[in-house]
$ cat protein_31.txt   # compact mmCIF, C-alpha atoms
# COMPACT_ATOMS: atom_id res chain seq x y z
CA MET A 1 96.40 138.85 99.51
CA SER A 2 98.08 142.01 100.62
CA ASN A 3 101.67 142.74 99.67
CA ARG A 4 102.03 145.15 102.61
CA CYS A 5 103.70 144.16 105.83
CA SER A 6 103.71 146.26 108.94
CA CYS A 7 105.03 145.65 112.42
CA PRO A 8 104.80 147.84 115.47
CA ARG A 9 108.08 149.12 116.84
CA SER A 10 109.46 146.62 119.29
CA PRO A 11 111.32 147.13 122.52
CA ARG A 12 115.06 146.99 122.13
CA ALA A 13 116.67 143.56 121.65
CA THR A 14 113.38 141.84 120.78
CA SER A 15 113.53 138.70 118.70
CA LEU A 16 110.66 137.31 116.70
CA VAL A 17 110.81 133.53 116.38
CA MET A 18 108.87 131.90 113.53
CA ASP A 19 108.55 128.46 112.08
CA ASN A 20 109.70 127.66 108.54
CA LEU A 21 106.36 128.22 106.84
CA PRO A 22 107.12 129.54 103.32
CA ALA A 23 104.85 132.56 103.97
CA HIS A 24 107.33 133.68 106.64
CA LYS A 25 110.28 133.68 104.26
CA PRO A 26 109.70 136.57 101.78
CA ALA A 27 112.16 139.45 101.90
CA ALA A 28 109.30 141.88 102.64
CA VAL A 29 108.50 140.02 105.87
CA ARG A 30 112.14 140.16 106.98
CA ALA A 31 112.41 143.83 106.01
CA ALA A 32 109.27 144.77 107.99
CA ILE A 33 110.50 142.94 111.08
CA GLU A 34 113.97 144.47 110.86
CA ALA A 35 112.46 147.92 110.25
CA ALA A 36 110.65 147.46 113.57
CA GLU A 37 114.09 146.91 115.11
CA ALA A 38 113.43 143.29 115.96
CA ARG A 39 115.61 140.30 115.16
CA LEU A 40 114.11 137.54 113.10
CA ARG A 41 114.92 133.97 114.08
CA PHE A 42 113.59 130.74 112.60
CA LEU A 43 112.98 127.55 114.51
CA PRO A 44 115.18 124.68 113.38
CA ALA A 45 113.61 122.30 110.91
CA TYR A 46 112.07 119.34 112.65
CA SER A 47 111.58 115.76 111.69
CA PRO A 48 110.74 113.16 114.29
CA PRO A 49 113.59 110.73 114.83
CA ALA A 50 113.41 107.44 112.99
CA VAL A 51 112.71 104.61 115.40
CA PRO A 52 112.27 100.89 114.72
CA ILE A 53 108.96 100.33 112.97
CA PHE A 54 108.20 97.03 114.68
CA GLN A 55 108.13 97.43 118.46
CA PRO A 56 106.67 95.19 121.15
CA GLY A 57 102.90 95.37 120.84
CA ARG A 58 102.79 98.05 118.13
CA ILE A 59 103.82 99.19 114.68
CA VAL A 60 105.14 102.76 114.30
CA LEU A 61 104.31 103.68 110.71
CA GLN A 62 107.04 105.67 108.98
CA TYR A 63 108.36 106.16 105.50
CA VAL A 64 110.53 103.31 104.28
CA ARG A 65 111.25 104.90 100.94
CA ARG A 66 111.40 108.46 99.60
CA CYS A 67 108.53 110.09 101.47
CA SER A 68 106.01 107.75 99.91
CA PRO A 69 103.27 106.83 102.39
CA THR A 70 101.18 104.93 99.84
CA PHE A 71 104.16 102.70 99.12
CA SER A 72 105.54 102.50 102.66
CA GLU A 73 102.45 101.21 104.42
CA PRO A 74 101.87 98.13 102.22
CA LEU A 75 105.58 97.36 102.29
CA VAL A 76 105.52 97.44 106.09
CA GLY A 77 102.57 95.03 105.97
CA ASP A 78 104.59 92.38 104.12
CA PRO A 79 107.09 91.60 106.90
CA GLU A 80 104.30 91.82 109.46
CA VAL A 81 102.73 88.69 107.95
CA THR A 82 105.78 86.96 106.45
CA ARG A 83 108.65 87.47 108.92
CA GLY A 84 109.30 86.11 112.39
CA ASP A 85 110.33 88.39 115.23
CA ASP A 86 110.47 92.18 115.35
CA SER A 87 114.24 92.33 114.71
CA GLU A 88 113.84 90.37 111.45
CA LYS A 89 110.91 92.58 110.45
CA ASN A 90 112.88 95.76 111.21
CA ALA A 91 115.81 94.50 109.12
CA HIS A 92 113.52 94.66 106.07
CA THR A 93 111.84 97.98 106.84
CA GLY A 94 114.39 100.55 107.95
CA PRO A 95 112.68 103.94 108.19
CA VAL A 96 113.90 106.96 106.26
CA ALA A 97 113.68 110.38 107.89
CA VAL A 98 111.67 113.16 106.32
CA PRO A 99 114.10 115.65 104.74
CA ASN A 100 114.50 119.10 106.27
CA VAL A 101 117.69 120.39 104.69
CA PRO A 102 119.27 119.66 101.29
CA CYS A 103 121.70 117.03 102.61
CA ASP A 104 118.75 115.12 104.08
CA TRP A 105 117.65 114.35 100.52
CA LEU A 106 120.98 112.64 99.94
CA ARG A 107 120.56 110.62 103.15
CA LEU A 108 117.02 109.70 102.13
CA HIS A 109 118.13 108.57 98.68
CA LEU A 110 121.04 106.53 100.02
CA LYS A 111 118.88 104.80 102.66
CA SER A 112 116.15 104.12 100.09
CA ALA A 113 118.67 102.60 97.67
CA ARG A 114 120.13 100.37 100.39
CA SER A 115 116.66 99.21 101.39
CA ASN A 116 115.75 98.52 97.77
CA THR A 117 118.85 96.34 97.38
CA LEU A 118 117.74 94.29 100.40
CA TRP A 119 114.18 94.03 99.08
CA MET A 120 115.43 92.69 95.74
CA GLN A 121 117.18 89.85 97.62
CA THR A 122 114.05 88.90 99.58
CA PRO A 123 112.03 85.95 98.19
CA ASP A 124 108.74 86.99 96.56
CA LEU A 125 109.25 90.71 97.20
CA PRO A 126 110.73 91.60 93.77
CA ALA A 127 107.70 90.10 92.04
CA TRP A 128 105.37 92.03 94.35
CA LEU A 129 107.29 95.26 93.74
CA ALA A 130 107.25 94.74 89.96
CA GLY A 131 103.51 94.29 89.94
CA ALA A 132 102.56 96.90 92.54
CA ARG A 133 100.93 99.96 91.05
CA LEU A 134 102.22 101.92 94.04
CA ASP A 135 105.81 101.60 92.81
CA GLY A 136 106.18 102.42 89.13
CA PHE A 137 109.98 102.35 89.29
CA SER A 138 110.21 98.62 90.10
CA GLY A 139 107.78 97.88 87.28
CA LEU A 140 109.95 99.92 84.92
CA ILE A 141 113.01 97.90 85.95
CA ALA A 142 111.11 94.62 85.54
CA ARG A 143 110.04 95.54 82.00
CA GLY A 144 113.64 96.41 81.16
CA MET A 145 114.84 93.09 82.51
CA ALA A 146 112.29 91.27 80.35
CA GLY A 147 114.31 92.52 77.37
CA ALA A 148 111.34 93.20 75.08
CA ASP A 149 112.68 96.63 74.10
CA PRO A 150 116.42 96.78 73.33
CA ALA A 151 116.54 100.56 73.90
CA HIS A 152 114.92 100.15 77.31
CA ALA A 153 117.33 97.34 78.20
CA ALA A 154 120.25 99.58 77.18
CA ARG A 155 118.99 102.41 79.43
CA LEU A 156 118.63 99.95 82.29
CA GLN A 157 122.18 98.74 81.75
CA ARG A 158 123.49 102.34 81.85
CA TYR A 159 121.53 102.89 85.05
CA ARG A 160 123.02 99.76 86.63
CA GLN A 161 126.55 100.84 85.68
CA ALA A 162 126.05 104.32 87.16
CA ARG A 163 124.10 103.31 90.28
CA GLN A 164 126.87 101.98 92.52
CA PRO A 165 129.36 104.77 91.72
CA GLY A 166 126.56 107.29 92.24
CA LEU A 167 125.63 105.84 95.63
CA ALA A 168 129.29 105.76 96.63
CA ARG A 169 129.57 109.43 95.69
CA ILE A 170 126.50 110.29 97.77
CA ALA A 171 128.04 108.51 100.77
CA GLU A 172 131.29 110.42 100.20
CA LEU A 173 129.47 113.77 100.03
CA LEU A 174 127.59 112.99 103.23
CA GLU A 175 130.85 112.09 104.95
CA VAL A 176 132.40 115.41 103.89
CA GLU A 177 129.25 117.26 105.00
CA GLY A 178 129.43 115.52 108.40
CA ARG A 179 133.05 116.53 108.89
CA ALA A 180 132.18 120.13 108.03
CA GLY A 181 129.55 120.09 110.75
CA ASN A 182 126.72 121.18 108.46
$ encode --input "protein_31.txt" --output "structure tokens"
Amino acid sequence: MSNRCSCPRSPRATSLVMDNLPAHKPAAVRAAIEAAEARLRFLPAYSPPAVPIFQPGRIVLQYVRRCSPTFSEPLVGDPEVTRGDDSEKNAHTGPVAVPNVPCDWLRLHLKSARSNTLWMQTPDLPAWLAGARLDGFSGLIARGMAGADPAHAARLQRYRQARQPGLARIAELLEVEGRAGN
């Protein structure tokens, strides 16, 4: 790969618009474009909007937890066969948007945690989650709840004590970020 960048001189007031591919981000790329007297602009990050997963006559597959397609698809299959109408199915499978900016990771984590709380209150789902090889975290929690290892149970207890305050803090940070218009 060449470390050289060259750009022809551009007519005055030319802008070059690029996507957010990491190869477009190095300082040498920006310097070459600016040396050619062009302005560099990046397209905004894009993530398709989250829509209800269960819609009349179709299922729109989306992430339901932390950008995990191998976990999301089987979890979407559960309400398809065990729940009644689409609104009940959608209540159990709220999609999470793919993150584009740092605050999106907070939104993703908060939505995932809220969904997980709902899943733990759904009959038969906690046992499925604990045994699913696609979700190691639920299995870890289940082993801690079994109480076989006191150190593991103590870590789980610390996690439980910190979880709600941590989620409340994430919600607070997102509220502040929303007011700032970022």
$ closest_residue --input "protein_31.txt" --among "A:Arg41, A:Gly166, A:Leu125, A:Pro99" --to "A:Val76" --atoms "all atoms listed in the file"
A:Leu125
$ residues_around --input "protein_31.txt" --residues "stretch 116-124 of chain A" --least-positions-apart "5" --cutoff "10 Å" --atoms "only C-alpha atoms" --output "list in words"
Val64, Arg65, Leu75, Ala91, His92, Thr93, Leu110, Lys111, Leu129 and Ser138 of chain A
$ residues_around --input "protein_31.txt" --residues "A:Arg107" --least-positions-apart "3" --cutoff "12 Å" --atoms "all atoms listed in the file" --output "ChimeraX atom specification"
/A:65-66,95-104,110-114,167-175,177-178
$ write_last_selection --input "protein_31.txt" --atoms "C-alpha atoms" --output "short mmCIF file (atom, residue, chain, number, x, y, z; two decimals), in the coordinates of the input"
data_model
loop_
_atom_site.label_atom_id
_atom_site.label_comp_id
_atom_site.auth_asym_id
_atom_site.auth_seq_id
_atom_site.Cartn_x
_atom_site.Cartn_y
_atom_site.Cartn_z
CA ARG A 65 111.25 104.90 100.94
CA ARG A 66 111.40 108.46 99.60
CA PRO A 95 112.68 103.94 108.19
CA VAL A 96 113.90 106.96 106.26
CA ALA A 97 113.68 110.38 107.89
CA VAL A 98 111.67 113.16 106.32
CA PRO A 99 114.10 115.65 104.74
CA ASN A 100 114.50 119.10 106.27
CA VAL A 101 117.69 120.39 104.69
CA PRO A 102 119.27 119.66 101.29
CA CYS A 103 121.70 117.03 102.61
CA ASP A 104 118.75 115.12 104.08
CA LEU A 110 121.04 106.53 100.02
CA LYS A 111 118.88 104.80 102.66
CA SER A 112 116.15 104.12 100.09
CA ALA A 113 118.67 102.60 97.67
CA ARG A 114 120.13 100.37 100.39
CA LEU A 167 125.63 105.84 95.63
CA ALA A 168 129.29 105.76 96.63
CA ARG A 169 129.57 109.43 95.69
CA ILE A 170 126.50 110.29 97.77
CA ALA A 171 128.04 108.51 100.77
CA GLU A 172 131.29 110.42 100.20
CA LEU A 173 129.47 113.77 100.03
CA LEU A 174 127.59 112.99 103.23
CA GLU A 175 130.85 112.09 104.95
CA GLU A 177 129.25 117.26 105.00
CA GLY A 178 129.43 115.52 108.40
#
$ residues_around --input "protein_31.txt" --residues "A:Pro56" --least-positions-apart "5" --cutoff "12 Å" --atoms "all atoms listed in the file" --output "list in words"
Asp85, Asp86, Ser87, Lys89 and Asn90 of chain A
$ write_last_selection --input "protein_31.txt" --atoms "C-alpha atoms" --output "CSV table (one decimal), in the coordinates of the input"
chain,number,residue,atom,x,y,z
A,85,ASP,CA,110.3,88.4,115.2
A,86,ASP,CA,110.5,92.2,115.4
A,87,SER,CA,114.2,92.3,114.7
A,89,LYS,CA,110.9,92.6,110.4
A,90,ASN,CA,112.9,95.8,111.2
$ atom_distance --input "protein_31.txt" --atom1 "atom CA of A:Arg83" --atom2 "atom CA of A:Met145"
27.7 Å
$ residues_around --input "protein_31.txt" --residues "A:Thr14" --least-positions-apart "4" --cutoff "9 Å" --atoms "only C-alpha atoms" --output "VMD selection string"
chain A and resid 10 37 to 40
$ closest_residue --input "protein_31.txt" --among "A:Ala31, A:Leu134, A:Val81, A:Met18" --to "A:Pro69" --atoms "only C-alpha atoms"
A:Leu134
$ axis_aligned_box --input "protein_31.txt" --around "stretch 123-140 of chain A" --padding-each-side "6 Å" --output "JSON"
{"center_x": 106.5, "center_y": 94.2, "center_z": 91.6, "size_x": 23.1, "size_y": 28.5, "size_z": 25.3}
